[in-house]
>>> print(open('data_33.cif').read())   # mmCIF, C-alpha atoms
data_run
#
loop_
_atom_site.label_atom_id
_atom_site.label_comp_id
_atom_site.auth_asym_id
_atom_site.auth_seq_id
_atom_site.Cartn_x
_atom_site.Cartn_y
_atom_site.Cartn_z
CA MET W 1 11.83 -15.66 20.99
CA SER W 2 13.56 -12.40 21.77
CA LEU W 3 11.64 -9.22 22.37
CA SER W 4 12.94 -5.69 21.99
CA LYS W 5 12.61 -3.19 24.79
CA GLY W 6 9.50 -1.53 23.33
CA GLU W 7 7.71 -4.86 22.86
CA LYS W 8 8.55 -5.88 26.44
CA ILE W 9 7.00 -2.64 27.74
CA PHE W 10 3.91 -3.20 25.54
CA VAL W 11 3.40 -6.78 26.77
CA GLY W 12 3.95 -5.63 30.36
CA ILE W 13 1.32 -2.89 30.04
CA ILE W 14 -1.23 -5.35 28.61
CA LEU W 15 -0.54 -7.91 31.36
CA ALA W 16 -0.89 -5.21 34.03
CA ALA W 17 -4.19 -4.07 32.47
CA ILE W 18 -5.52 -7.64 32.52
CA ILE W 19 -4.53 -8.12 36.18
CA VAL W 20 -6.04 -4.78 37.19
CA THR W 21 -9.33 -5.52 35.41
CA TRP W 22 -9.38 -8.97 37.01
CA LEU W 23 -8.94 -7.44 40.47
CA PHE W 24 -11.71 -4.95 39.69
CA SER W 25 -14.04 -7.79 38.69
CA LEU W 26 -13.37 -10.01 41.73
CA PRO W 27 -16.53 -8.92 43.60
CA ASN W 28 -18.56 -9.63 40.46
CA ILE W 29 -17.67 -13.31 40.17
CA GLY W 30 -20.79 -15.05 41.32
CA GLY W 31 -23.44 -17.57 40.59
CA MET W 32 -26.31 -17.97 38.17
CA GLU W 33 -28.69 -15.72 40.07
CA GLN W 34 -26.73 -12.62 39.13
CA LEU W 35 -27.42 -13.03 35.42
CA SER W 36 -30.81 -11.37 35.56
CA GLU W 37 -29.48 -8.51 37.69
CA MET W 38 -26.60 -7.61 35.37
CA GLY W 39 -28.79 -5.47 33.14
CA ILE W 40 -27.77 -7.34 29.99
CA GLY W 41 -28.64 -5.60 26.76
CA THR W 42 -30.09 -2.50 28.40
CA LYS W 43 -29.41 0.99 27.13
CA TRP W 44 -29.20 4.27 29.01
CA ILE W 45 -32.00 6.29 27.39
CA TYR W 46 -32.74 9.73 28.80
CA THR W 47 -36.23 11.19 28.40
CA PHE W 48 -36.69 14.93 28.66
CA GLY W 49 -40.09 16.59 28.63
CA GLU W 50 -43.32 15.04 29.80
CA GLU W 51 -43.99 12.13 27.42
CA ALA W 52 -41.61 9.66 25.83
CA GLY W 53 -42.01 10.42 22.16
CA PHE W 54 -39.86 10.05 19.08
CA PHE W 55 -38.10 13.40 19.47
CA THR W 56 -37.76 13.53 23.25
CA ARG W 57 -35.63 10.44 23.86
CA ILE W 58 -31.87 10.45 23.55
CA ASN W 59 -29.20 7.79 23.99
CA TRP W 60 -26.37 9.85 25.46
CA LEU W 61 -23.62 7.28 25.07
CA THR W 62 -24.18 6.91 21.32
CA VAL W 63 -23.83 10.67 20.87
CA ILE W 64 -20.78 10.99 23.10
CA MET W 65 -18.91 7.94 21.80
CA GLY W 66 -19.70 8.86 18.18
CA GLY W 67 -18.22 12.30 18.78
CA ILE W 68 -15.13 10.85 20.46
CA ILE W 69 -14.54 8.43 17.58
CA CYS W 70 -14.93 11.22 15.03
CA LEU W 71 -12.42 13.35 16.98
CA VAL W 72 -9.89 10.50 17.20
CA VAL W 73 -10.12 9.80 13.46
CA ILE W 74 -9.84 13.51 12.59
CA ILE W 75 -6.79 13.98 14.84
CA PHE W 76 -5.10 10.89 13.37
CA ALA W 77 -5.79 12.03 9.79
CA HIS W 78 -4.51 15.53 10.59
CA GLY W 79 -1.33 14.08 12.08
CA VAL W 80 -0.71 11.96 8.99
CA SER W 81 -1.49 14.65 6.42
CA LYS W 82 0.62 17.33 8.15
CA LYS W 83 3.91 15.71 7.16
CA PHE W 84 3.09 14.19 3.79
CA SER W 85 6.31 13.36 1.99
CA MET W 86 7.50 11.64 -1.18
CA ILE W 87 9.28 8.99 0.86
CA PRO W 88 6.50 7.72 3.14
CA ASN W 89 7.04 6.73 6.74
CA ARG W 90 5.19 3.77 8.26
CA LYS W 91 1.93 5.56 9.08
CA GLN W 92 1.68 7.23 5.70
CA SER W 93 2.40 4.07 3.73
CA ALA W 94 -0.24 2.14 5.70
CA VAL W 95 -2.82 4.85 4.98
CA GLU W 96 -1.82 4.95 1.31
CA LEU W 97 -2.08 1.13 0.97
CA PHE W 98 -5.55 1.11 2.52
CA LEU W 99 -6.88 4.03 0.45
CA ASP W 100 -5.40 2.51 -2.72
CA PHE W 101 -7.12 -0.83 -2.01
CA MET W 102 -10.48 0.89 -1.44
CA TYR W 103 -10.10 3.04 -4.59
CA LYS W 104 -9.35 -0.03 -6.73
CA THR W 105 -12.38 -1.87 -5.30
CA VAL W 106 -14.66 1.08 -6.09
CA GLU W 107 -13.15 1.52 -9.55
CA ASP W 108 -13.86 -2.13 -10.38
CA SER W 109 -17.58 -1.97 -9.60
CA ILE W 110 -18.63 1.60 -10.54
CA THR W 111 -18.93 1.87 -14.32
CA VAL W 112 -19.69 5.60 -14.53
CA LYS W 113 -16.33 7.41 -14.39
CA GLU W 114 -17.25 10.67 -12.64
CA TYR W 115 -18.99 8.87 -9.75
CA VAL W 116 -15.95 6.85 -8.70
CA LYS W 117 -14.59 9.56 -6.39
CA PRO W 118 -17.83 10.39 -4.49
CA VAL W 119 -18.59 6.69 -3.94
CA PHE W 120 -14.99 6.12 -2.80
CA VAL W 121 -15.31 8.95 -0.27
CA ILE W 122 -18.66 7.72 1.07
CA SER W 123 -17.72 4.05 1.40
CA THR W 124 -14.27 4.70 2.87
CA THR W 125 -15.64 7.14 5.44
CA LEU W 126 -18.24 4.57 6.49
CA PHE W 127 -15.57 1.88 6.73
CA ILE W 128 -13.24 3.99 8.87
CA PHE W 129 -15.94 5.11 11.32
CA ILE W 130 -17.55 1.67 11.69
CA GLY W 131 -14.19 -0.08 11.82
CA VAL W 132 -12.88 2.11 14.63
CA ALA W 133 -16.20 1.82 16.48
CA ASN W 134 -16.11 -1.99 16.23
CA ILE W 135 -12.46 -2.29 17.27
CA ILE W 136 -13.28 -0.24 20.38
CA SER W 137 -15.90 -2.89 21.28
CA GLY W 138 -13.06 -5.38 21.78
CA ILE W 139 -11.22 -3.26 24.36
CA PRO W 140 -12.24 -2.96 28.04
CA GLY W 141 -13.53 0.45 28.99
CA LEU W 142 -16.51 2.53 29.99
CA ASN W 143 -20.01 1.11 29.68
CA VAL W 144 -23.40 1.79 31.21
CA SER W 145 -26.14 -0.69 32.07
CA VAL W 146 -29.57 0.15 33.43
CA ILE W 147 -30.72 -1.81 36.50
CA ASN W 148 -34.16 -0.98 37.89
CA GLY W 149 -34.28 2.29 35.95
CA GLU W 150 -31.00 3.58 37.39
CA PRO W 151 -27.88 3.89 35.19
CA HIS W 152 -24.85 2.03 36.55
CA PHE W 153 -21.48 3.13 35.20
CA SER W 154 -18.86 0.40 34.94
CA LEU W 155 -15.23 1.07 34.12
CA PHE W 156 -13.17 -1.87 32.78
CA LEU W 157 -15.90 -4.37 33.69
CA ASP W 158 -17.18 -4.38 30.11
CA THR W 159 -15.94 -3.24 26.74
CA TRP W 160 -16.31 0.33 25.46
CA TYR W 161 -19.81 1.18 24.42
CA THR W 162 -19.88 1.42 20.63
CA PRO W 163 -22.29 3.54 18.59
CA THR W 164 -22.78 0.61 16.19
CA SER W 165 -24.50 -1.48 18.88
CA ASP W 166 -27.35 1.05 18.72
CA LEU W 167 -29.73 0.45 15.81
CA ASN W 168 -30.22 4.20 15.27
CA THR W 169 -26.64 4.69 14.06
CA ASN W 170 -26.76 1.80 11.60
CA ALA W 171 -30.22 2.68 10.32
CA THR W 172 -29.06 6.26 9.71
CA TYR W 173 -26.14 5.11 7.58
CA ALA W 174 -28.25 2.55 5.70
CA LEU W 175 -30.98 5.13 4.93
CA MET W 176 -28.28 7.60 3.88
CA THR W 177 -26.93 5.00 1.45
CA LEU W 178 -30.43 4.42 0.01
CA VAL W 179 -31.08 8.15 -0.50
CA ILE W 180 -27.64 8.72 -2.04
CA SER W 181 -28.00 5.78 -4.43
CA HIS W 182 -31.37 7.05 -5.71
CA ALA W 183 -30.11 10.63 -5.99
CA PHE W 184 -27.17 9.40 -8.09
CA ALA W 185 -29.56 7.27 -10.18
CA ILE W 186 -31.75 10.32 -10.93
CA LYS W 187 -28.66 12.35 -11.86
CA VAL W 188 -27.25 9.68 -14.17
CA LYS W 189 -30.39 8.28 -15.81
CA GLY W 190 -32.74 11.25 -15.66
CA PHE W 191 -36.03 11.40 -13.77
CA GLY W 192 -38.15 9.57 -16.37
CA ASN W 193 -35.80 6.65 -16.73
CA TRP W 194 -35.52 6.39 -12.93
CA ILE W 195 -39.33 6.12 -12.61
CA LYS W 196 -39.33 3.60 -15.45
CA SER W 197 -36.78 1.40 -13.68
CA PHE W 198 -39.39 0.57 -11.04
CA PHE W 199 -41.67 -0.96 -13.70
CA GLN W 200 -38.84 -2.96 -15.15
CA PRO W 201 -39.66 -6.24 -16.80
CA VAL W 202 -43.44 -5.72 -16.75
CA PHE W 203 -45.84 -3.24 -15.17
CA ILE W 204 -47.12 -5.72 -12.56
CA MET W 205 -43.68 -6.01 -10.97
CA PHE W 206 -43.92 -2.53 -9.37
CA PRO W 207 -44.78 -3.72 -5.81
CA MET W 208 -41.97 -6.28 -5.95
CA ASN W 209 -39.40 -3.65 -6.95
CA LEU W 210 -40.68 -1.25 -4.28
CA VAL W 211 -40.45 -3.87 -1.52
CA GLY W 212 -37.00 -4.85 -2.76
CA GLU W 213 -35.80 -1.27 -2.43
CA ILE W 214 -37.36 -0.77 1.00
CA SER W 215 -35.94 -4.02 2.40
CA LYS W 216 -32.38 -3.01 1.44
CA PRO W 217 -31.72 -0.58 4.34
CA ILE W 218 -33.45 -2.93 6.80
CA SER W 219 -31.18 -5.88 6.08
CA HIS W 220 -28.20 -3.55 5.65
CA SER W 221 -28.57 -2.03 9.12
CA LEU W 222 -29.77 -5.13 11.00
CA ARG W 223 -26.78 -7.18 9.82
CA LEU W 224 -24.27 -4.89 11.52
CA PHE W 225 -26.48 -4.30 14.56
CA GLY W 226 -27.06 -8.02 15.10
CA ASN W 227 -23.39 -8.84 14.85
CA ILE W 228 -22.14 -6.23 17.30
CA TYR W 229 -25.01 -6.23 19.80
CA GLY W 230 -25.43 -10.02 19.71
CA GLY W 231 -21.70 -10.58 19.99
CA GLY W 232 -21.45 -8.38 23.06
CA ILE W 233 -24.35 -10.13 24.81
CA LEU W 234 -22.99 -13.55 23.79
CA VAL W 235 -19.60 -12.82 25.35
CA LEU W 236 -21.22 -11.54 28.55
CA ILE W 237 -23.40 -14.64 28.88
CA LEU W 238 -20.61 -17.09 28.00
CA SER W 239 -18.10 -15.61 30.40
CA TYR W 240 -19.99 -14.32 33.41
CA MET W 241 -18.45 -16.92 35.71
CA VAL W 242 -14.82 -16.71 34.64
CA LYS W 243 -15.03 -13.05 33.79
CA TYR W 244 -11.64 -11.52 32.95
CA LEU W 245 -9.61 -14.64 33.75
CA ILE W 246 -8.55 -15.59 30.22
CA LEU W 247 -11.58 -16.53 28.11
CA PRO W 248 -13.20 -13.09 27.61
CA VAL W 249 -10.01 -11.60 26.19
CA VAL W 250 -10.04 -14.20 23.41
CA LEU W 251 -13.78 -13.80 22.86
CA TRP W 252 -13.53 -10.01 22.77
CA GLY W 253 -10.73 -10.29 20.26
CA PHE W 254 -12.85 -12.57 18.07
CA PHE W 255 -16.25 -10.89 18.34
CA GLY W 256 -14.98 -7.33 18.69
CA MET W 257 -12.03 -7.03 16.35
CA PHE W 258 -12.21 -9.89 13.83
CA ILE W 259 -15.99 -9.98 13.26
CA GLY W 260 -16.17 -6.20 13.66
CA LEU W 261 -13.63 -5.49 10.93
CA ILE W 262 -15.25 -8.03 8.59
CA GLN W 263 -18.68 -6.47 9.18
CA ALA W 264 -17.32 -2.95 8.58
CA MET W 265 -15.87 -4.24 5.31
CA VAL W 266 -19.21 -5.88 4.41
CA PHE W 267 -21.07 -2.65 5.21
CA SER W 268 -18.92 -0.53 2.91
CA MET W 269 -18.88 -3.22 0.18
CA LEU W 270 -22.67 -3.36 0.24
CA THR W 271 -22.80 0.44 0.07
CA ILE W 272 -20.69 0.28 -3.10
CA ALA W 273 -22.82 -2.56 -4.50
CA TYR W 274 -26.15 -0.80 -3.86
CA ILE W 275 -24.97 2.46 -5.47
CA ALA W 276 -23.44 0.55 -8.39
CA GLY W 277 -26.68 -1.38 -8.91
CA GLN W 278 -28.64 1.86 -9.13
CA ILE W 279 -26.44 3.88 -11.50
CA GLU W 280 -25.37 1.24 -14.01
CA MET S 281 -49.06 -20.70 37.50
CA GLU S 282 -49.76 -18.61 34.42
CA GLN S 283 -46.52 -16.72 34.96
CA ALA S 284 -44.63 -20.01 35.15
CA ILE S 285 -46.15 -21.22 31.87
CA ILE S 286 -45.20 -17.94 30.17
CA GLU S 287 -41.67 -18.17 31.58
CA ALA S 288 -41.28 -21.76 30.34
CA ALA S 289 -42.68 -20.93 26.91
CA LYS S 290 -40.17 -18.07 26.64
CA TYR S 291 -37.18 -20.38 27.05
CA VAL S 292 -38.63 -23.04 24.74
CA GLY S 293 -39.41 -20.43 22.10
CA ALA S 294 -35.97 -18.82 22.28
CA GLY S 295 -34.27 -22.20 22.02
CA LEU S 296 -36.39 -23.30 19.06
CA CYS S 297 -35.90 -19.96 17.33
CA MET S 298 -32.12 -20.09 17.57
CA GLY S 299 -31.88 -23.81 16.83
CA ILE S 300 -34.03 -23.84 13.71
CA GLY S 301 -32.68 -20.48 12.57
CA ALA S 302 -29.10 -21.74 12.65
CA ILE S 303 -29.75 -24.47 10.05
CA GLY S 304 -29.88 -22.16 7.05
CA PRO S 305 -26.70 -20.16 7.66
CA ALA S 306 -24.83 -23.39 8.50
CA ILE S 307 -25.70 -24.91 5.13
CA GLY S 308 -24.91 -21.65 3.36
CA GLU S 309 -21.55 -21.14 5.03
CA GLY S 310 -20.64 -24.77 4.37
CA ASN S 311 -21.38 -24.25 0.69
CA VAL S 312 -19.28 -21.10 0.54
CA GLY S 313 -16.35 -22.72 2.35
CA GLY S 314 -16.49 -25.90 0.30
CA HIS S 315 -16.52 -24.10 -3.03
CA ALA S 316 -13.71 -21.82 -1.89
CA MET S 317 -11.67 -24.93 -1.01
CA ASP S 318 -12.39 -26.35 -4.48
CA ALA S 319 -11.23 -23.15 -6.11
CA MET S 320 -8.07 -23.02 -3.96
CA ALA S 321 -7.22 -26.62 -4.85
CA ARG S 322 -7.57 -25.80 -8.53
CA GLN S 323 -5.64 -22.52 -8.38
CA PRO S 324 -3.38 -22.37 -5.29
CA GLU S 325 -1.88 -19.02 -6.36
CA MET S 326 -5.30 -17.34 -5.95
CA ALA S 327 -5.62 -18.44 -2.31
CA GLY S 328 -4.89 -15.02 -0.81
CA SER S 329 -7.68 -13.12 -2.54
CA LEU S 330 -10.07 -16.06 -2.29
CA VAL S 331 -9.87 -16.10 1.50
CA THR S 332 -10.95 -12.46 1.86
CA ARG S 333 -13.84 -12.93 -0.56
CA MET S 334 -14.86 -16.14 1.20
CA LEU S 335 -14.98 -14.27 4.54
CA LEU S 336 -17.11 -11.51 2.96
CA ALA S 337 -19.56 -14.02 1.49
CA MET S 338 -19.72 -15.90 4.79
CA ALA S 339 -20.49 -12.69 6.68
CA VAL S 340 -23.33 -11.91 4.30
CA SER S 341 -24.84 -15.41 4.44
CA GLU S 342 -24.55 -15.37 8.23
CA SER S 343 -27.02 -12.52 8.55
CA THR S 344 -30.18 -14.65 8.48
CA GLY S 345 -28.87 -16.53 11.49
CA LEU S 346 -28.25 -13.21 13.23
CA TYR S 347 -31.87 -12.20 12.72
CA SER S 348 -32.98 -15.28 14.64
CA LEU S 349 -30.36 -14.53 17.32
CA LEU S 350 -31.86 -11.06 17.71
CA ILE S 351 -35.38 -12.50 17.95
CA ALA S 352 -34.17 -14.96 20.60
CA PHE S 353 -32.64 -12.11 22.63
CA ILE S 354 -35.84 -10.08 22.29
CA ILE S 355 -37.88 -13.07 23.52
CA LEU S 356 -35.54 -13.62 26.46
CA PHE S 357 -34.81 -10.10 27.69
CA VAL S 358 -37.54 -7.73 26.50
#
>>> encode(input="data_33.cif", output="structure tokens")
Amino acid sequence: MSLSKGEKIFVGIILAAIIVTWLFSLPNIGGMEQLSEMGIGTKWIYTFGEEAGFFTRINWLTVIMGGIICLVVIIFAHGVSKKFSMIPNRKQSAVELFLDFMYKTVEDSITVKEYVKPVFVISTTLFIFIGVANIISGIPGLNVSVINGEPHFSLFLDTWYTPTSDLNTNATYALMTLVISHAFAIKVKGFGNWIKSFFQPVFIMFPMNLVGEISKPISHSLRLFGNIYGGGILVLILSYMVKYLILPVVLWGFFGMFIGLIQAMVFSMLTIAYIAGQIE
Amino acid sequence: MEQAIIEAAKYVGAGLCMGIGAIGPAIGEGNVGGHAMDAMARQPEMAGSLVTRMLLAMAVSESTGLYSLLIAFIILFV
């Protein structure tokens, strides 16, 4: 196997990063008694004001990391679209292949012609944001765990904090999908027909239809949340003794990148399916 | 003593929750994989698109197992 100069530099950087993270984590290699003191699964939630209510609690890292991911995606898209040419370079052809695949998938399942483009925009935006957020959760970086009420910042001892491991982000997107699908249904079918669709085969089925609609965003958001949050905790528990030797890299690659990309795909596919089920 | 009983019941409950909850997704994913294999054996030229759809279907059928994983984590840590 012969590597070019660029590939050698790339491999060297990755090996150096692994060795540096391993050296960082040397003091952390310990026994079983540390497991309860690692602050597994805790979130840094800041409360302002007197009482901890619905509107006075904020998870800073979700806000900050969501903003950073948005910025990265916007800068990348700007860089690609600035030099759009007839003969595409590598970046542009990759973007075109991906967008073409998504457009064909949407076109296959949405029967109403003028709603293909809005649904394509919604589902592709969700896929890009969630996909980038999930890939980040397979790369070592900044994370915060709360131990005895005090936030502990850890650099390169854990993966990047991702907004999708917070249920609020996923529930927001799932609720947004529900509202959009019903708004499209009202626009396509008219208000009367939309009301009628709840009483579909017979009148008595109304509670069943209502519960079916309400349970959609719950399962939609919990699927993604469970995969990302559970995967992160699973990797931490499996690898706390041999942290950063060799096993966690493989596990992060599996749980962060592979499962994360599949779940982002599933999320956007289900978005398309829910909207298509409402407006057909 | 009471604290010890609660602590023990936590671990037993989390183990039972995850163990019983993993049966359903295992059967479901086995079904999906087996039928995908059947389809690939019948039409080998479709294998590429079948694999992606199989992974999608597996990820969806996995979600009930993930609910029990979440419940187990909640029992253990919260």
>>> closest_atom_pairs(input="data_33.cif", of="chain W", to="chain S", cutoff="9 Å", atoms="all atoms listed in the file", output="CSV")
residue,atom,partner,partner_atom,distance
W:Ser36,CA,S:Phe357,CA,8.9
W:Ile40,CA,S:Phe357,CA,7.9
W:Gly41,CA,S:Phe357,CA,7.7
W:Thr42,CA,S:Phe357,CA,9.0
W:Ser219,CA,S:Ser343,CA,8.2
W:Leu222,CA,S:Tyr347,CA,7.6
W:Arg223,CA,S:Ser343,CA,5.5
W:Leu224,CA,S:Ser343,CA,8.6
W:Gly226,CA,S:Leu346,CA,5.6
W:Asn227,CA,S:Leu346,CA,6.7
W:Tyr229,CA,S:Leu350,CA,8.6
W:Gly230,CA,S:Leu350,CA,6.8
W:Ile233,CA,S:Phe353,CA,8.8
W:Ile259,CA,S:Ala339,CA,8.4
W:Ile262,CA,S:Leu336,CA,6.9
W:Gln263,CA,S:Ala339,CA,6.9
W:Met265,CA,S:Leu336,CA,7.7
W:Val266,CA,S:Leu336,CA,6.2
W:Met269,CA,S:Leu336,CA,8.9
>>> write_last_selection(input="data_33.cif", atoms="C-alpha atoms", output="PDB file, keeping the file's coordinate frame")
ATOM      1  CA  SER W  36     -30.810 -11.370  35.560  1.00  0.00           C
ATOM      2  CA  ILE W  40     -27.770  -7.340  29.990  1.00  0.00           C
ATOM      3  CA  GLY W  41     -28.640  -5.600  26.760  1.00  0.00           C
ATOM      4  CA  THR W  42     -30.090  -2.500  28.400  1.00  0.00           C
ATOM      5  CA  SER W 219     -31.180  -5.880   6.080  1.00  0.00           C
ATOM      6  CA  LEU W 222     -29.770  -5.130  11.000  1.00  0.00           C
ATOM      7  CA  ARG W 223     -26.780  -7.180   9.820  1.00  0.00           C
ATOM      8  CA  LEU W 224     -24.270  -4.890  11.520  1.00  0.00           C
ATOM      9  CA  GLY W 226     -27.060  -8.020  15.100  1.00  0.00           C
ATOM     10  CA  ASN W 227     -23.390  -8.840  14.850  1.00  0.00           C
ATOM     11  CA  TYR W 229     -25.010  -6.230  19.800  1.00  0.00           C
ATOM     12  CA  GLY W 230     -25.430 -10.020  19.710  1.00  0.00           C
ATOM     13  CA  ILE W 233     -24.350 -10.130  24.810  1.00  0.00           C
ATOM     14  CA  ILE W 259     -15.990  -9.980  13.260  1.00  0.00           C
ATOM     15  CA  ILE W 262     -15.250  -8.030   8.590  1.00  0.00           C
ATOM     16  CA  GLN W 263     -18.680  -6.470   9.180  1.00  0.00           C
ATOM     17  CA  MET W 265     -15.870  -4.240   5.310  1.00  0.00           C
ATOM     18  CA  VAL W 266     -19.210  -5.880   4.410  1.00  0.00           C
ATOM     19  CA  MET W 269     -18.880  -3.220   0.180  1.00  0.00           C
TER      20      MET W 269
END
>>> resolve_selection(input="data_33.cif", expression="the PyMOL selection byres ((chain S and resi 293) around 12)", output="PyMOL selection string")
chain S and resi 285-292+294-301+348-349+351-356
>>> resolve_selection(input="data_33.cif", expression="the PyMOL selection byres ((chain W and resi 181-198) around 9)", output="list in words")
Val112, Tyr115, Met176, Thr177, Leu178, Val179, Ile180, Phe199, Gln200, Pro201, Phe203, Met205, Phe206, Pro207, Met208, Asn209, Leu210, Thr271, Tyr274, Ile275, Ala276, Gly277, Gln278, Ile279 and Glu280 of chain W
>>> closest_residue(input="data_33.cif", among="S:Ser341, S:Gln283, S:Ser329, S:Gln323", to="Gly304 in chain S", atoms="only C-alpha atoms")
S:Ser341
>>> residues_around(input="data_33.cif", residues="Ser145 in chain W", least_positions_apart="4", cutoff="7 Å", atoms="all atoms listed in the file", output="list in words")
Gly39, Thr42, Lys43, Trp44, Pro151, His152 and Phe153 of chain W
>>> resolve_selection(input="data_33.cif", expression="the PyMOL selection byres ((chain W and resi 105) around 12)", output="ChimeraX atom specification")
/W:98-104,106-111,116-117,119-120,123-124,265,268-273,276
>>> atom_distance(input="data_33.cif", atom1="CA of Ser93 in chain W", atom2="CA of Val132 in chain W")
18.9 Å
>>> atom_distance(input="data_33.cif", atom1="CA of Ile214 in chain W", atom2="CA of Asp166 in chain W")
20.4 Å
>>> axis_aligned_box(input="data_33.cif", around="range 321-325 of chain S", padding_each_side="8 Å", output="lines of an AutoDock Vina configuration file")
center_x = -4.7
center_y = -22.8
center_z = -6.7
size_x = 21.7
size_y = 23.6
size_z = 19.7
>>> residues_near_point(input="data_33.cif", point="(-10.0, -1.8, 21.1)", cutoff="10 Å", atoms="only C-alpha atoms", output="PyMOL selection string")
chain W and resi 132-141+159-160+252-253+256-257
>>> atom_distance(input="data_33.cif", atom1="CA of Leu61 in chain W", atom2="CA of Val146 in chain W")
12.5 Å
>>> closest_residue(input="data_33.cif", among="S:Met326, S:Met334, S:Ala321, S:Ala284", to="Gly308 in chain S", atoms="all atoms listed in the file")
S:Met334
